[in-house]
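Source file: run20.tsv (TSV, C-alpha atoms)
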```tsv
chain	number	residue	atom	x	y	z
A	1	MET	CA	107.99	0.16	-7.24
A	2	LEU	CA	107.64	2.61	-4.36
A	3	GLY	CA	110.62	4.67	-3.32
A	4	ARG	CA	111.53	5.37	0.24
A	5	GLY	CA	109.19	8.35	0.42
A	6	GLY	CA	106.35	6.33	-1.15
A	7	ARG	CA	106.84	3.51	1.35
A	8	CYS	CA	106.72	5.99	4.22
A	9	ARG	CA	103.49	7.53	2.92
A	10	SER	CA	101.99	4.04	2.49
A	11	VAL	CA	102.89	3.06	6.06
A	12	LEU	CA	101.52	6.32	7.42
A	13	LEU	CA	98.26	5.86	5.46
A	14	SER	CA	97.89	2.31	6.80
A	15	VAL	CA	98.46	3.48	10.37
A	16	TRP	CA	95.94	6.30	9.91
A	17	MET	CA	93.32	3.88	8.59
A	18	LEU	CA	93.81	1.53	11.54
A	19	VAL	CA	93.48	4.40	14.00
A	20	ALA	CA	90.64	6.18	12.22
A	21	ALA	CA	88.41	3.17	11.47
A	22	PRO	CA	87.11	2.76	15.05
A	23	VAL	CA	86.57	6.50	15.29
A	24	LEU	CA	84.58	6.58	12.04
A	25	ALA	CA	82.45	3.63	13.19
A	26	ALA	CA	81.87	5.34	16.52
A	27	ASP	CA	80.70	8.47	14.72
A	28	LEU	CA	77.84	6.67	12.93
A	29	PRO	CA	74.38	7.58	14.23
A	30	VAL	CA	72.96	4.94	16.57
A	31	ILE	CA	69.33	3.85	16.21
A	32	ARG	CA	67.99	2.09	19.31
A	33	VAL	CA	65.20	-0.38	18.46
A	34	SER	CA	62.98	-2.64	20.56
A	35	ASP	CA	59.56	-4.22	20.56
A	36	GLY	CA	59.76	-4.89	24.30
A	37	GLN	CA	59.14	-8.63	24.03
A	38	PHE	CA	62.60	-10.02	23.41
A	39	GLN	CA	62.62	-13.62	24.61
A	40	GLY	CA	65.82	-15.14	23.31
A	41	ASP	CA	64.68	-17.61	20.67
A	42	ASN	CA	61.33	-15.98	19.92
A	43	THR	CA	61.60	-15.74	16.14
A	44	ARG	CA	58.51	-13.53	15.86
A	45	VAL	CA	60.75	-10.63	16.75
A	46	ASP	CA	63.18	-11.43	13.94
A	47	TYR	CA	60.88	-10.52	11.02
A	48	PHE	CA	60.34	-6.98	12.26
A	49	TYR	CA	63.97	-6.51	13.21
A	50	ASP	CA	65.16	-7.91	9.88
A	51	LEU	CA	62.70	-5.70	8.02
A	52	PHE	CA	64.02	-2.69	9.90
A	53	GLN	CA	67.60	-3.63	8.96
A	54	ARG	CA	66.50	-4.03	5.33
A	55	LEU	CA	64.97	-0.55	5.36
A	56	ILE	CA	68.15	1.00	6.72
A	57	ASP	CA	70.16	-0.77	4.01
A	58	GLU	CA	67.70	0.33	1.33
A	59	THR	CA	67.90	3.98	2.35
A	60	THR	CA	71.63	4.18	3.11
A	61	PRO	CA	72.53	5.76	-0.28
A	62	ARG	CA	70.27	8.72	0.55
A	63	TYR	CA	70.57	8.96	4.35
A	64	GLY	CA	73.94	7.39	5.06
A	65	PRO	CA	74.94	4.37	7.20
A	66	ALA	CA	73.80	3.91	10.78
A	67	THR	CA	74.48	1.59	13.69
A	68	ILE	CA	71.45	-0.36	14.91
A	69	SER	CA	71.38	-1.15	18.62
A	70	GLN	CA	68.79	-3.77	19.55
A	71	VAL	CA	67.52	-3.11	23.07
A	72	ARG	CA	67.01	-6.57	24.53
A	73	ASP	CA	65.17	-5.62	27.70
A	74	LYS	CA	61.75	-7.19	28.16
A	75	PHE	CA	59.17	-4.42	28.67
A	76	THR	CA	55.44	-4.36	29.14
A	77	GLN	CA	53.79	-2.53	26.26
A	78	ASN	CA	53.05	0.50	28.43
A	79	ARG	CA	56.67	0.69	29.55
A	80	LEU	CA	57.89	0.29	25.98
A	81	LEU	CA	55.71	3.18	24.80
A	82	ALA	CA	56.97	5.30	27.69
A	83	GLU	CA	60.58	4.55	26.66
A	84	LEU	CA	59.72	5.54	23.11
A	85	LYS	CA	57.93	8.74	24.13
A	86	THR	CA	60.91	9.93	26.19
A	87	GLY	CA	63.39	9.08	23.42
A	88	ARG	CA	65.28	6.36	25.30
A	89	ILE	CA	64.25	4.13	22.38
A	90	ASP	CA	64.23	5.57	18.86
A	91	VAL	CA	61.89	3.17	17.10
A	92	SER	CA	59.60	0.28	17.92
A	93	TRP	CA	56.90	-1.74	16.20
A	94	THR	CA	53.51	-2.35	17.69
A	95	ALA	CA	49.81	-2.39	16.88
A	96	THR	CA	48.32	1.04	16.49
A	97	SER	CA	45.61	2.81	18.47
A	98	ILE	CA	44.35	6.37	18.84
A	99	GLU	CA	46.32	6.81	22.06
A	100	ARG	CA	49.54	5.37	20.65
A	101	GLU	CA	49.44	7.61	17.60
A	102	ARG	CA	48.93	10.58	19.90
A	103	GLU	CA	52.08	9.76	21.90
A	104	SER	CA	54.54	8.76	19.14
A	105	HIS	CA	54.99	9.15	15.39
A	106	PRO	CA	53.44	6.30	13.34
A	107	ILE	CA	54.59	5.29	9.88
A	108	ARG	CA	51.18	4.37	8.47
A	109	ILE	CA	52.18	1.41	6.34
A	110	PRO	CA	51.23	-1.89	8.03
A	111	ILE	CA	54.50	-3.79	8.12
A	112	ASP	CA	52.80	-7.19	8.29
A	113	MET	CA	50.14	-6.12	5.75
A	114	GLY	CA	47.42	-6.57	8.37
A	115	LEU	CA	48.09	-10.21	9.25
A	116	ILE	CA	48.27	-9.45	12.99
A	117	GLY	CA	44.55	-8.67	12.91
A	118	GLN	CA	43.72	-11.99	11.22
A	119	ARG	CA	43.93	-14.27	14.23
A	120	VAL	CA	43.66	-18.01	14.75
A	121	PRO	CA	43.03	-19.47	18.19
A	122	VAL	CA	45.57	-21.67	19.90
A	123	ILE	CA	43.53	-24.08	21.98
A	124	ARG	CA	43.98	-27.17	24.10
A	125	ALA	CA	43.87	-30.13	21.74
A	126	SER	CA	41.13	-31.71	23.84
A	127	ASP	CA	38.80	-28.77	23.08
A	128	ALA	CA	38.87	-29.10	19.28
A	129	ALA	CA	35.29	-30.37	18.96
A	130	ALA	CA	33.93	-27.42	20.93
A	131	PHE	CA	35.72	-24.92	18.69
A	132	GLU	CA	34.55	-26.66	15.52
A	133	ALA	CA	31.00	-25.71	16.53
A	134	ILE	CA	31.72	-21.96	16.71
A	135	ARG	CA	30.01	-19.93	13.97
A	136	THR	CA	29.20	-16.52	15.47
A	137	VAL	CA	30.38	-13.97	17.99
A	138	GLU	CA	27.70	-15.22	20.36
A	139	ASP	CA	29.19	-18.72	20.15
A	140	LEU	CA	32.66	-17.33	20.87
A	141	LYS	CA	31.41	-15.48	23.96
A	142	ARG	CA	31.03	-18.82	25.76
A	143	PHE	CA	34.83	-19.18	25.88
A	144	LYS	CA	37.44	-17.19	27.79
A	145	ALA	CA	40.24	-15.63	25.78
A	146	CYS	CA	43.82	-15.43	27.02
A	147	GLN	CA	44.67	-11.77	26.39
A	148	GLY	CA	47.48	-9.30	26.84
A	149	ALA	CA	46.54	-6.79	29.51
A	150	GLN	CA	48.05	-3.81	27.70
A	151	TRP	CA	47.34	-4.83	24.11
A	152	PRO	CA	44.87	-3.01	21.82
A	153	ASP	CA	43.28	-6.44	21.28
A	154	PHE	CA	41.87	-6.23	24.81
A	155	ASP	CA	39.74	-3.18	24.01
A	156	ILE	CA	38.68	-4.65	20.66
A	157	SER	CA	37.50	-7.90	22.24
A	158	ALA	CA	35.87	-6.10	25.18
A	159	ALA	CA	33.86	-3.93	22.79
A	160	SER	CA	32.35	-7.11	21.29
A	161	GLY	CA	31.57	-8.56	24.72
A	162	LEU	CA	34.13	-11.38	24.68
A	163	GLN	CA	35.34	-12.86	27.96
A	164	GLN	CA	39.04	-12.26	28.65
A	165	ILE	CA	41.60	-13.35	31.22
A	166	THR	CA	44.69	-11.16	31.06
A	167	GLY	CA	48.42	-11.62	31.46
A	168	VAL	CA	51.41	-9.43	30.67
A	169	HIS	CA	53.78	-11.56	28.57
A	170	ILE	CA	53.31	-14.19	25.88
A	171	ASP	CA	54.99	-16.99	27.84
A	172	LEU	CA	52.64	-16.37	30.78
A	173	LEU	CA	49.58	-16.44	28.51
A	174	TYR	CA	50.52	-19.81	27.06
A	175	ALA	CA	51.00	-21.11	30.61
A	176	MET	CA	47.53	-19.80	31.53
A	177	LEU	CA	46.01	-21.65	28.56
A	178	ARG	CA	47.66	-24.89	29.66
A	179	ALA	CA	46.43	-24.34	33.22
A	180	HIS	CA	42.78	-24.00	32.03
A	181	ARG	CA	42.58	-20.42	33.28
A	182	CYS	CA	41.41	-19.45	29.77
A	183	ASP	CA	40.25	-21.38	26.72
A	184	TYR	CA	42.02	-19.92	23.70
A	185	PHE	CA	44.84	-17.58	22.79
A	186	ALA	CA	44.13	-15.78	19.50
A	187	ARG	CA	47.38	-15.19	17.58
A	188	GLY	CA	48.12	-13.48	14.28
A	189	VAL	CA	48.42	-15.92	11.39
A	190	GLY	CA	51.87	-14.54	10.67
A	191	GLU	CA	53.23	-15.23	14.14
A	192	VAL	CA	51.53	-18.36	15.43
A	193	ALA	CA	53.59	-20.99	13.58
A	194	ALA	CA	56.87	-19.59	14.89
A	195	GLU	CA	55.47	-19.33	18.41
A	196	ALA	CA	54.43	-22.97	18.30
A	197	LEU	CA	58.10	-23.94	18.02
A	198	THR	CA	58.76	-22.22	21.36
A	199	TYR	CA	55.53	-22.68	23.32
A	200	GLY	CA	53.67	-25.49	21.57
A	201	GLY	CA	53.38	-29.17	22.32
A	202	PRO	CA	51.02	-32.12	21.86
A	203	ASP	CA	48.60	-30.66	24.40
A	204	LEU	CA	48.01	-27.52	22.29
A	205	ARG	CA	46.63	-27.07	18.79
A	206	ILE	CA	46.54	-24.21	16.29
A	207	PHE	CA	42.88	-24.24	15.23
A	208	ASN	CA	42.94	-23.07	11.58
A	209	GLY	CA	39.17	-23.56	11.19
A	210	LEU	CA	38.40	-20.22	12.85
A	211	ILE	CA	39.63	-16.70	12.04
A	212	ILE	CA	38.89	-13.81	14.42
A	213	ALA	CA	39.44	-10.79	12.19
A	214	TYR	CA	39.74	-7.09	12.92
A	215	PRO	CA	41.70	-4.21	11.38
A	216	MET	CA	44.75	-3.66	13.60
A	217	PRO	CA	47.86	-2.68	11.67
A	218	ILE	CA	51.35	-2.96	13.11
A	219	TYR	CA	53.40	0.14	12.35
A	220	PHE	CA	56.89	1.33	13.02
A	221	PHE	CA	56.58	4.03	15.69
A	222	VAL	CA	59.32	6.63	15.95
A	223	ALA	CA	60.25	8.72	18.99
A	224	PRO	CA	59.00	12.31	18.96
A	225	GLY	CA	61.41	14.63	17.19
A	226	ARG	CA	63.05	11.93	15.04
A	227	HIS	CA	61.62	13.34	11.81
A	228	ASP	CA	64.67	12.26	9.81
A	229	LEU	CA	64.23	8.65	10.87
A	230	ALA	CA	60.48	8.79	10.18
A	231	ARG	CA	61.08	10.04	6.62
A	232	ARG	CA	63.74	7.41	6.08
A	233	LEU	CA	61.49	4.54	7.15
A	234	GLU	CA	58.52	5.77	5.13
A	235	GLU	CA	60.62	6.12	1.97
A	236	GLY	CA	62.07	2.65	2.46
A	237	LEU	CA	58.66	1.08	3.04
A	238	GLN	CA	57.20	2.78	-0.02
A	239	THR	CA	60.03	1.33	-2.09
A	240	LEU	CA	59.59	-2.21	-0.72
A	241	LEU	CA	55.83	-1.95	-1.18
A	242	ALA	CA	56.12	-0.78	-4.80
A	243	ASN	CA	58.58	-3.48	-5.86
A	244	GLY	CA	56.75	-6.28	-4.04
A	245	GLU	CA	59.60	-7.02	-1.65
A	246	LEU	CA	57.51	-6.36	1.48
A	247	LYS	CA	55.10	-9.16	0.62
A	248	ARG	CA	57.93	-11.43	-0.55
A	249	MET	CA	59.79	-10.95	2.71
A	250	LEU	CA	56.64	-11.59	4.72
A	251	SER	CA	55.91	-14.82	2.82
A	252	THR	CA	59.48	-16.19	2.98
A	253	HIS	CA	60.87	-15.07	6.34
A	254	PRO	CA	61.27	-18.01	8.77
A	255	SER	CA	59.13	-16.32	11.42
A	256	THR	CA	56.15	-15.42	9.17
A	257	ARG	CA	56.12	-17.84	6.24
A	258	GLY	CA	54.04	-20.32	8.25
A	259	ALA	CA	50.95	-18.27	7.35
A	260	PHE	CA	51.38	-18.94	3.63
A	261	PRO	CA	49.77	-19.83	1.34
A	262	LEU	CA	46.86	-17.86	2.74
A	263	GLU	CA	44.42	-19.89	0.62
A	264	ARG	CA	44.63	-22.69	3.17
A	265	PHE	CA	42.33	-20.58	5.39
A	266	ASN	CA	39.61	-20.31	2.72
A	267	ASP	CA	37.35	-22.81	4.47
A	268	ALA	CA	37.71	-21.22	7.91
A	269	THR	CA	34.82	-19.58	9.71
A	270	VAL	CA	35.57	-15.85	9.86
A	271	ILE	CA	34.24	-13.77	12.76
A	272	GLN	CA	34.64	-10.05	12.11
A	273	LEU	CA	35.06	-7.69	15.06
A	274	PRO	CA	35.02	-3.88	14.84
A	275	ASN	CA	38.02	-1.97	16.20
A	276	PRO	CA	36.89	1.07	18.20
A	277	THR	CA	40.52	2.04	18.94
A	278	LEU	CA	41.40	2.45	15.25
A	279	PRO	CA	42.55	5.99	14.38
A	280	PRO	CA	40.56	7.69	11.59
A	281	GLU	CA	43.80	8.19	9.61
A	282	THR	CA	44.25	4.43	9.13
A	283	PRO	CA	44.62	3.82	5.36
A	284	LEU	CA	41.96	1.12	5.09
A	285	SER	CA	40.99	2.07	1.54
A	286	ASP	CA	44.45	1.39	0.04
A	287	PRO	CA	44.37	-2.23	-1.19
A	288	ARG	CA	48.15	-2.32	-1.72
A	289	LEU	CA	48.70	-2.33	2.04
A	290	TRP	CA	46.57	-5.29	3.14
A	291	LEU	CA	46.36	-9.06	2.89
A	292	SER	CA	43.06	-10.74	3.67
A	293	VAL	CA	42.64	-14.20	5.20
A	294	GLY	CA	39.63	-16.45	4.77
A	295	ARG	CA	36.54	-15.90	2.67
A	296	HIS	CA	35.08	-12.55	3.65
A	297	ASP	CA	34.30	-9.46	1.63
A	298	GLY	CA	37.14	-7.08	0.90
A	299	GLY	CA	40.04	-6.34	3.17
A	300	PRO	CA	40.03	-4.86	6.66
A	301	SER	CA	36.91	-3.03	7.78
```

Could you take the file, read its structure, and then write that structure out as structure tokens?
Amino acid sequence: MLGRGGRCRSVLLSVWMLVAAPVLAADLPVIRVSDGQFQGDNTRVDYFYDLFQRLIDETTPRYGPATISQVRDKFTQNRLLAELKTGRIDVSWTATSIERERESHPIRIPIDMGLIGQRVPVIRASDAAAFEAIRTVEDLKRFKACQGAQWPDFDISAASGLQQITGVHIDLLYAMLRAHRCDYFARGVGEVAAEALTYGGPDLRIFNGLIIAYPMPIYFFVAPGRHDLARRLEEGLQTLLANGELKRMLSTHPSTRGAFPLERFNDATVIQLPNPTLPPETPLSDPRLWLSVGRHDGGPS
């Protein structure tokens, strides 16, 4: 039983904890994250955000706790990269390119294991027969792609001579497809099923019989000068890669599990495109980092 002095100390300790707790929480480092395409119920964003949260949890024993602030503004990709370069955002996730790696710090572990570069076309359901006849790049050139104006995919497709009609945001590109301004919208196999819940309908079809493949990893990019955060993310990713959790999370997360099992694409026609924007440091030769879709030799090339 506590005496009078013990009760006083207990009350004082309780008061101190109530007063100090908000201060301690406020003192935690804040990490501002965004991919620039927040759209409310767009679950594609959730996999990358949840993976980032998992990495912070994984590395907390070594680096300490942090507060994650999700920036929910909707940016174009160029604006997002500008926000990252100036340090108004601490970390983002996006497809890599030579220019992007020059401006910000990449963590060169593809966080979707290369699935973003294994793309299936979303088409109008009425055009299915025309797409079933596609076998080569030359066949594909007859159709106009819906394409993001500031995406690395634009330069990749342009280098192979594909026709493209551009828009800025995903919702606009789906509207353009419906309006017959373009003929297909090529989406990563890990994102298309979740997008269909938001933008799909009986007039559109995910055409799994065709894969347009190119090496285009998505990385976490860190603002210049945030070397501590870069080390933290790389250590966390190496751990999740080594214990298999990265692939498990990719294959079970609600926003990416629609791609699995990948064997269901084995009968698809695969059209390989080179990526002239790919930095020479890209770790293409490390088989641990990549998943391959469809029947073609090896992994990314």

Check which residues of segment 61-98 of chain A sit at most 10 Å from segment 265-278 of chain A using only C-alpha atoms, and return one row each with the closest pair of atoms and their distance in Å to one decimal, ordered by chain and rising number, as CSV.
```
residue,atom,partner,partner_atom,distance
A:Ala95,CA,A:Leu278,CA,9.8
A:Thr96,CA,A:Leu278,CA,7.2
A:Ser97,CA,A:Thr277,CA,5.2
A:Ile98,CA,A:Thr277,CA,5.8
```

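The coordinates place atom CA of Ile31 of chain A at 16.9 Å from atom CA of Pro61 of chain A.
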
Please identify all polymer residues within 8 Å of segment 159-176 of chain A, counting all atoms listed in the file, omitting same-chain residues fewer than 4 positions from it, and present them as a list of chain:residue names.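 Contacts, with the query itself left out: A:Gln37, A:Thr76, A:Val137, A:Leu140, A:Lys141, A:Arg142, A:Phe143, A:Lys144, A:Ala145, A:Cys146, A:Gln147, A:Gly148, A:Ala149, A:Gln150, A:Phe154, A:Asp155, A:His180, A:Arg181, A:Cys182, A:Phe185, A:Tyr199, A:Leu273, A:Pro274, A:Pro276.
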
Which distance in Å separates atom CA of Asn243 of chain A and atom CA of Glu58 of chain A, to one decimal?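 Between atom CA of Asn243 of chain A and atom CA of Glu58 of chain A the gap is 12.2 Å.
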
Distance cut-off 7 Å, centre (41.9, -13.7, 10.0) in file coordinates, counting only C-alpha atoms: which residues qualify? Return them as a list in words.
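Within the cut-off we find Gly117, Gln118, Arg119, Val120, Ile211, Ile212, Ala213, Val270, Val293 and Gly294 of chain A.
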
Kindly save the residues from that selection, with C-alpha atoms included, as a PDB file, keeping the file's coordinate frame.
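What ended up in again36.pdb:
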```
ATOM      1  CA  GLY A 117      44.550  -8.670  12.910  1.00  0.00           C
ATOM      2  CA  GLN A 118      43.720 -11.990  11.220  1.00  0.00           C
ATOM      3  CA  ARG A 119      43.930 -14.270  14.230  1.00  0.00           C
ATOM      4  CA  VAL A 120      43.660 -18.010  14.750  1.00  0.00           C
ATOM      5  CA  ILE A 211      39.630 -16.700  12.040  1.00  0.00           C
ATOM      6  CA  ILE A 212      38.890 -13.810  14.420  1.00  0.00           C
ATOM      7  CA  ALA A 213      39.440 -10.790  12.190  1.00  0.00           C
ATOM      8  CA  VAL A 270      35.570 -15.850   9.860  1.00  0.00           C
ATOM      9  CA  VAL A 293      42.640 -14.200   5.200  1.00  0.00           C
ATOM     10  CA  GLY A 294      39.630 -16.450   4.770  1.00  0.00           C
TER      11      GLY A 294
END
```

Requested in this report: Mind checking which residues fall within 12 Å of Asp50 of chain A, counting only C-alpha atoms, ignoring those fewer than 3 positions away in the same chain, and posting them as an NGL selection string?
Outcome: :A and (33 or 43-47 or 53-57 or 68 or 70 or 111 or 246 or 249-250 or 253-256)

Open item on the list: Rounded to one decimal, what separation in Å do you get between atom CA of Tyr63 of chain A and atom CA of Lys85 of chain A?
Closed with: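 Atom-to-atom, atom CA of Tyr63 of chain A and atom CA of Lys85 of chain A are spaced 23.5 Å apart.
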
In terms of only C-alpha atoms, the residue from A:Glu83, A:Val71, A:Arg205, A:Pro215 at minimal distance from Ser285 of chain A is A:Pro215

* To do: Go through A:Ile123, A:Leu177, A:Ala242, A:Leu284 one by one, measure the shortest atom-to-atom distance of each to Asn208 of chain A using only C-alpha atoms, and give the residue with the smallest value.
  =>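 Ranked by minimum distance to Asn208 of chain A, first place goes to A:Ile123.
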
Restricting the calculation to only C-alpha atoms, which member of A:Pro106, A:Gly64, A:Gly244, A:Pro121 is positioned closest to Ala196 of chain A?
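Among the listed residues, A:Pro121 lies closest to Ala196 of chain A.
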
In terms of the shortest atom-to-atom distance over only C-alpha atoms, which of A:Gly201, A:Gly114, A:Gly87, A:Pro29 is closest to Asp286 of chain A?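 Closest to Asp286 of chain A, using only C-alpha atoms: A:Gly114.
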
query = Restricting the calculation to only C-alpha atoms, which member of A:Val122, A:Ile218, A:Ala133, A:Leu28 is positioned closest to Pro202 of chain A?
reply =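 Smallest separation from Pro202 of chain A among the options: A:Val122.
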
- Item | Long-range neighbours of Leu81 of chain A as JSON, numbers by chain, 10 Å cut-off, only C-alpha atoms, 5 positions minimum in chain | {"A": [35, 36, 75, 76, 86, 87, 89, 91, 92, 93, 94, 100, 103, 104, 221, 223]}

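Closest approach to Arg257 of chain A from the set A:Glu99, A:Asp203, A:Glu235, A:Asp112 is made by A:Asp112, with distances taken over only C-alpha atoms.
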
As a short mmCIF file (atom, residue, chain, number, x, y, z; two decimals), keeping the file's coordinate frame, the rebuilt segment 100-123 of chain A with N, CA and C atoms:
```cif
data_model
loop_
_atom_site.label_atom_id
_atom_site.label_comp_id
_atom_site.auth_asym_id
_atom_site.auth_seq_id
_atom_site.Cartn_x
_atom_site.Cartn_y
_atom_site.Cartn_z
N ARG A 100 48.14 5.58 21.03
CA ARG A 100 49.54 5.37 20.65
C ARG A 100 49.98 6.35 19.57
N GLU A 101 49.08 6.65 18.64
CA GLU A 101 49.44 7.61 17.60
C GLU A 101 49.51 9.04 18.15
N ARG A 102 48.85 9.27 19.26
CA ARG A 102 48.93 10.58 19.90
C ARG A 102 50.28 10.77 20.60
N GLU A 103 50.86 9.67 21.10
CA GLU A 103 52.08 9.76 21.90
C GLU A 103 53.36 9.68 21.07
N SER A 104 53.34 8.95 19.95
CA SER A 104 54.54 8.76 19.14
C SER A 104 54.17 8.88 17.66
N HIS A 105 55.20 8.92 16.82
CA HIS A 105 54.99 9.15 15.39
C HIS A 105 54.83 7.83 14.66
N PRO A 106 53.64 7.55 14.08
CA PRO A 106 53.44 6.30 13.34
C PRO A 106 53.84 6.44 11.88
N ILE A 107 54.39 5.38 11.32
CA ILE A 107 54.59 5.29 9.88
C ILE A 107 53.44 4.44 9.36
N ARG A 108 52.44 5.05 8.72
CA ARG A 108 51.18 4.37 8.47
C ARG A 108 51.22 3.46 7.24
N ILE A 109 52.14 2.52 7.29
CA ILE A 109 52.18 1.41 6.34
C ILE A 109 52.26 0.14 7.17
N PRO A 110 51.22 -0.69 7.17
CA PRO A 110 51.23 -1.89 8.03
C PRO A 110 52.33 -2.85 7.61
N ILE A 111 53.29 -3.06 8.50
CA ILE A 111 54.50 -3.79 8.12
C ILE A 111 54.29 -5.30 8.06
N ASP A 112 53.14 -5.77 8.52
CA ASP A 112 52.80 -7.19 8.29
C ASP A 112 51.58 -7.28 7.38
N MET A 113 51.25 -6.19 6.70
CA MET A 113 50.14 -6.12 5.75
C MET A 113 48.83 -6.59 6.38
N GLY A 114 48.67 -6.30 7.67
CA GLY A 114 47.42 -6.57 8.37
C GLY A 114 47.25 -7.96 8.91
N LEU A 115 48.26 -8.82 8.81
CA LEU A 115 48.09 -10.21 9.25
C LEU A 115 47.91 -10.33 10.76
N ILE A 116 48.41 -9.36 11.53
CA ILE A 116 48.27 -9.45 12.99
C ILE A 116 46.81 -9.40 13.42
N GLY A 117 45.97 -8.75 12.60
CA GLY A 117 44.55 -8.67 12.91
C GLY A 117 43.73 -9.81 12.34
N GLN A 118 44.38 -10.77 11.70
CA GLN A 118 43.72 -11.99 11.22
C GLN A 118 44.22 -13.10 12.14
N ARG A 119 43.41 -13.47 13.12
CA ARG A 119 43.93 -14.27 14.23
C ARG A 119 43.28 -15.65 14.30
N VAL A 120 44.13 -16.63 14.56
CA VAL A 120 43.66 -18.01 14.75
C VAL A 120 43.82 -18.36 16.23
N PRO A 121 42.89 -19.10 16.78
CA PRO A 121 43.03 -19.47 18.19
C PRO A 121 43.96 -20.65 18.40
N VAL A 122 44.85 -20.51 19.37
CA VAL A 122 45.57 -21.67 19.90
C VAL A 122 44.72 -22.20 21.04
N ILE A 123 44.42 -23.48 21.00
CA ILE A 123 43.53 -24.08 21.98
C ILE A 123 44.18 -25.33 22.57
#
```
